[in-house]
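J.: Can you read through this structure? Questions will come right after.
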Amino acid sequence: MGHKVGWVTLYAGIAGGADIILLPEIPYDIEKVTEALDARKRAGKRFTIIAVAEGALSKEEAELPKKKRKQQKAAAGYPSVAYEIAEKIQERTDQEVRITVPGHAQRGGAPCAYDRVLATRLGAAAAKAVLDGQYGCMLGVRSGEIVRVPLEEVAGRLKGVDPKAEILEEARQTGISFGI
């Protein structure tokens, strides 16, 4: 999850009480990550939760051309970036690191009331678009309202986490580190 953009990891990290969140859009400094770990340990915290997007990059990796970065990752041989970061943390601290890859455990679940209402609204809006003869659009929610968005506006485009997004500042205010 989060190979190219970090929205799912950001929201999962905040919702899951992560102390550190590493996203592809914000290259991390492993020294800042270990400083955050050490600060929590000094404060008497016995564990730290780190949410890592699959595409998380160190500052050094972010400076490399994409092709060189891919070659380096392949040569390193880690099953995912989380294992690489775990090894770096263990090299720099005396703390045990355990890894859980959410994709291994996450397979949906029972929908909550919000999910059911949203699905009903989107389904009704999709049927209305067909009845209106409007094809080639996706449906989304903007300011609480269902909107039709032409596919040419969204197809093939990624909407990454803006490093200046308000949600990141709010997360920082709660004590979450982004490794920078």
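Letters A, B, ... mark the chains of the structure tokens in the order given; residue numbers begin at 1 per chain; ligand numbers begin at 1, in order shown.
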So that I can see what lies close to Val154 in chain A, please list as an mmCIF file with C-alpha atoms, in the first residue's frame the residues with an atom at most 12 Å from it, counting only C-alpha atoms and leaving out residues fewer than 6 positions away in the same chain.

T.:
data_model
loop_
_atom_site.group_PDB
_atom_site.id
_atom_site.type_symbol
_atom_site.label_atom_id
_atom_site.label_comp_id
_atom_site.auth_asym_id
_atom_site.auth_seq_id
_atom_site.Cartn_x
_atom_site.Cartn_y
_atom_site.Cartn_z
ATOM 1 C CA GLY A 136 -16.877 8.472 -19.227
ATOM 2 C CA CYS A 137 -17.022 9.975 -15.764
ATOM 3 C CA MET A 138 -16.256 8.885 -12.255
ATOM 4 C CA LEU A 139 -18.218 9.790 -9.196
ATOM 5 C CA GLY A 140 -16.678 11.293 -6.122
ATOM 6 C CA ARG A 148 -19.291 13.716 -11.690
#

J.: If we count only C-alpha atoms, what is near range 89-97 of chain A at a cut-off of 12 Å, once residues fewer than 5 positions away on the same chain are taken out, given as a PyMOL selection string?

T.: chain A and resi 29-41+45-50+82-84

J.: Would you return as a list in words the members of range 12-162 of chain A that DSSP assigns to strand (DSSP E or B) on this structure's backbone?

T.: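 Selection result, strand (DSSP E or B) within range 12-162 of chain A: Ile20, Ile21, Leu22, Tyr28, Ile50, Ala51, Val52, Ser58, Cys137, Met138, Leu139, Gly140, Val141, Arg142, Glu145, Ile146, Val147, Arg148, Val149 and Pro150 of chain A.
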
J.: Would you put the residues from that selection into a file with N, CA and C atoms, as a CSV table (one decimal), in the first residue's frame?

T.:
chain,number,residue,atom,x,y,z
A,20,ILE,N,5.1,7.7,14.1
A,20,ILE,CA,5.9,8.1,13.0
A,20,ILE,C,5.2,7.6,11.7
A,21,ILE,N,5.1,8.4,10.7
A,21,ILE,CA,4.5,8.1,9.5
A,21,ILE,C,5.5,8.4,8.3
A,22,LEU,N,5.8,7.5,7.5
A,22,LEU,CA,6.7,7.7,6.4
A,22,LEU,C,6.0,7.5,5.1
A,28,TYR,N,12.3,10.8,4.1
A,28,TYR,CA,12.6,10.8,5.5
A,28,TYR,C,14.1,10.8,5.7
A,50,ILE,N,5.2,2.7,13.8
A,50,ILE,CA,5.6,3.4,12.6
A,50,ILE,C,4.8,2.9,11.5
A,51,ALA,N,4.1,3.8,10.8
A,51,ALA,CA,3.4,3.4,9.6
A,51,ALA,C,4.3,3.8,8.4
A,52,VAL,N,4.6,2.8,7.5
A,52,VAL,CA,5.5,3.0,6.4
A,52,VAL,C,4.7,2.7,5.1
A,58,SER,N,14.1,7.5,1.5
A,58,SER,CA,15.0,8.3,2.3
A,58,SER,C,15.4,9.5,1.5
A,137,CYS,N,-17.3,9.2,-17.0
A,137,CYS,CA,-17.0,10.0,-15.8
A,137,CYS,C,-16.9,9.1,-14.5
A,138,MET,N,-16.3,9.6,-13.5
A,138,MET,CA,-16.3,8.9,-12.3
A,138,MET,C,-17.1,9.7,-11.3
A,139,LEU,N,-17.5,9.1,-10.2
A,139,LEU,CA,-18.2,9.8,-9.2
A,139,LEU,C,-17.3,9.9,-8.0
A,140,GLY,N,-17.4,11.1,-7.3
A,140,GLY,CA,-16.7,11.3,-6.1
A,140,GLY,C,-17.5,12.2,-5.2
A,141,VAL,N,-16.9,12.5,-4.1
A,141,VAL,CA,-17.5,13.3,-3.1
A,141,VAL,C,-16.6,14.6,-2.9
A,142,ARG,N,-17.2,15.7,-3.1
A,142,ARG,CA,-16.5,17.0,-3.0
A,142,ARG,C,-17.4,17.9,-2.1
A,145,GLU,N,-20.9,16.6,-1.3
A,145,GLU,CA,-21.8,16.4,-2.4
A,145,GLU,C,-21.2,15.4,-3.4
A,146,ILE,N,-22.1,14.6,-4.0
A,146,ILE,CA,-21.6,13.7,-5.0
A,146,ILE,C,-21.4,14.5,-6.3
A,147,VAL,N,-20.3,14.3,-7.0
A,147,VAL,CA,-20.0,15.0,-8.2
A,147,VAL,C,-19.5,14.1,-9.3
A,148,ARG,N,-19.8,14.5,-10.5
A,148,ARG,CA,-19.3,13.7,-11.7
A,148,ARG,C,-18.0,14.4,-12.2
A,149,VAL,N,-17.0,13.6,-12.4
A,149,VAL,CA,-15.7,14.1,-12.8
A,149,VAL,C,-15.3,13.4,-14.1
A,150,PRO,N,-15.1,14.1,-15.2
A,150,PRO,CA,-14.7,13.4,-16.5
A,150,PRO,C,-13.5,12.6,-16.3

J.: Taking into account only C-alpha atoms, which residue in the set A:Leu57, A:Ala62, A:Ala119, A:Ala155 is nearest to Ser80 in chain A?

T.: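 Smallest distance to Ser80 in chain A is found for A:Leu57.
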
J.: Measuring atom to atom with only C-alpha atoms, identify which of A:Gly133, A:Pro111, A:Pro24, A:Pro65 is nearest to Val81 in chain A.

T.: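 For Val81 in chain A, the nearest of the candidates is A:Pro24.
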
J.: Within range 1-175 of chain A, find each residue whose DSSP state, derived from the backbone, is helix (DSSP H, G or I), and express the selection as a PyMOL selection string.

T.: chain A and resi 7-15+30-42+59-62+66-76+81-92+102-105+113-131+151-154+166-173

J.: In Å, rounded to a single decimal, give me how far CA of Lys4 in chain A is from CA of Ala126 in chain A.

T.: 28.0 Å

J.: Would you mind listing what lies within 12 Å of range 157-174 of chain A as a ChimeraX atom specification, with only C-alpha atoms counted and same-chain residues fewer than 3 positions away left out?

T.: /A:2-11,13-15,17-27,53,55,151-154,177-180
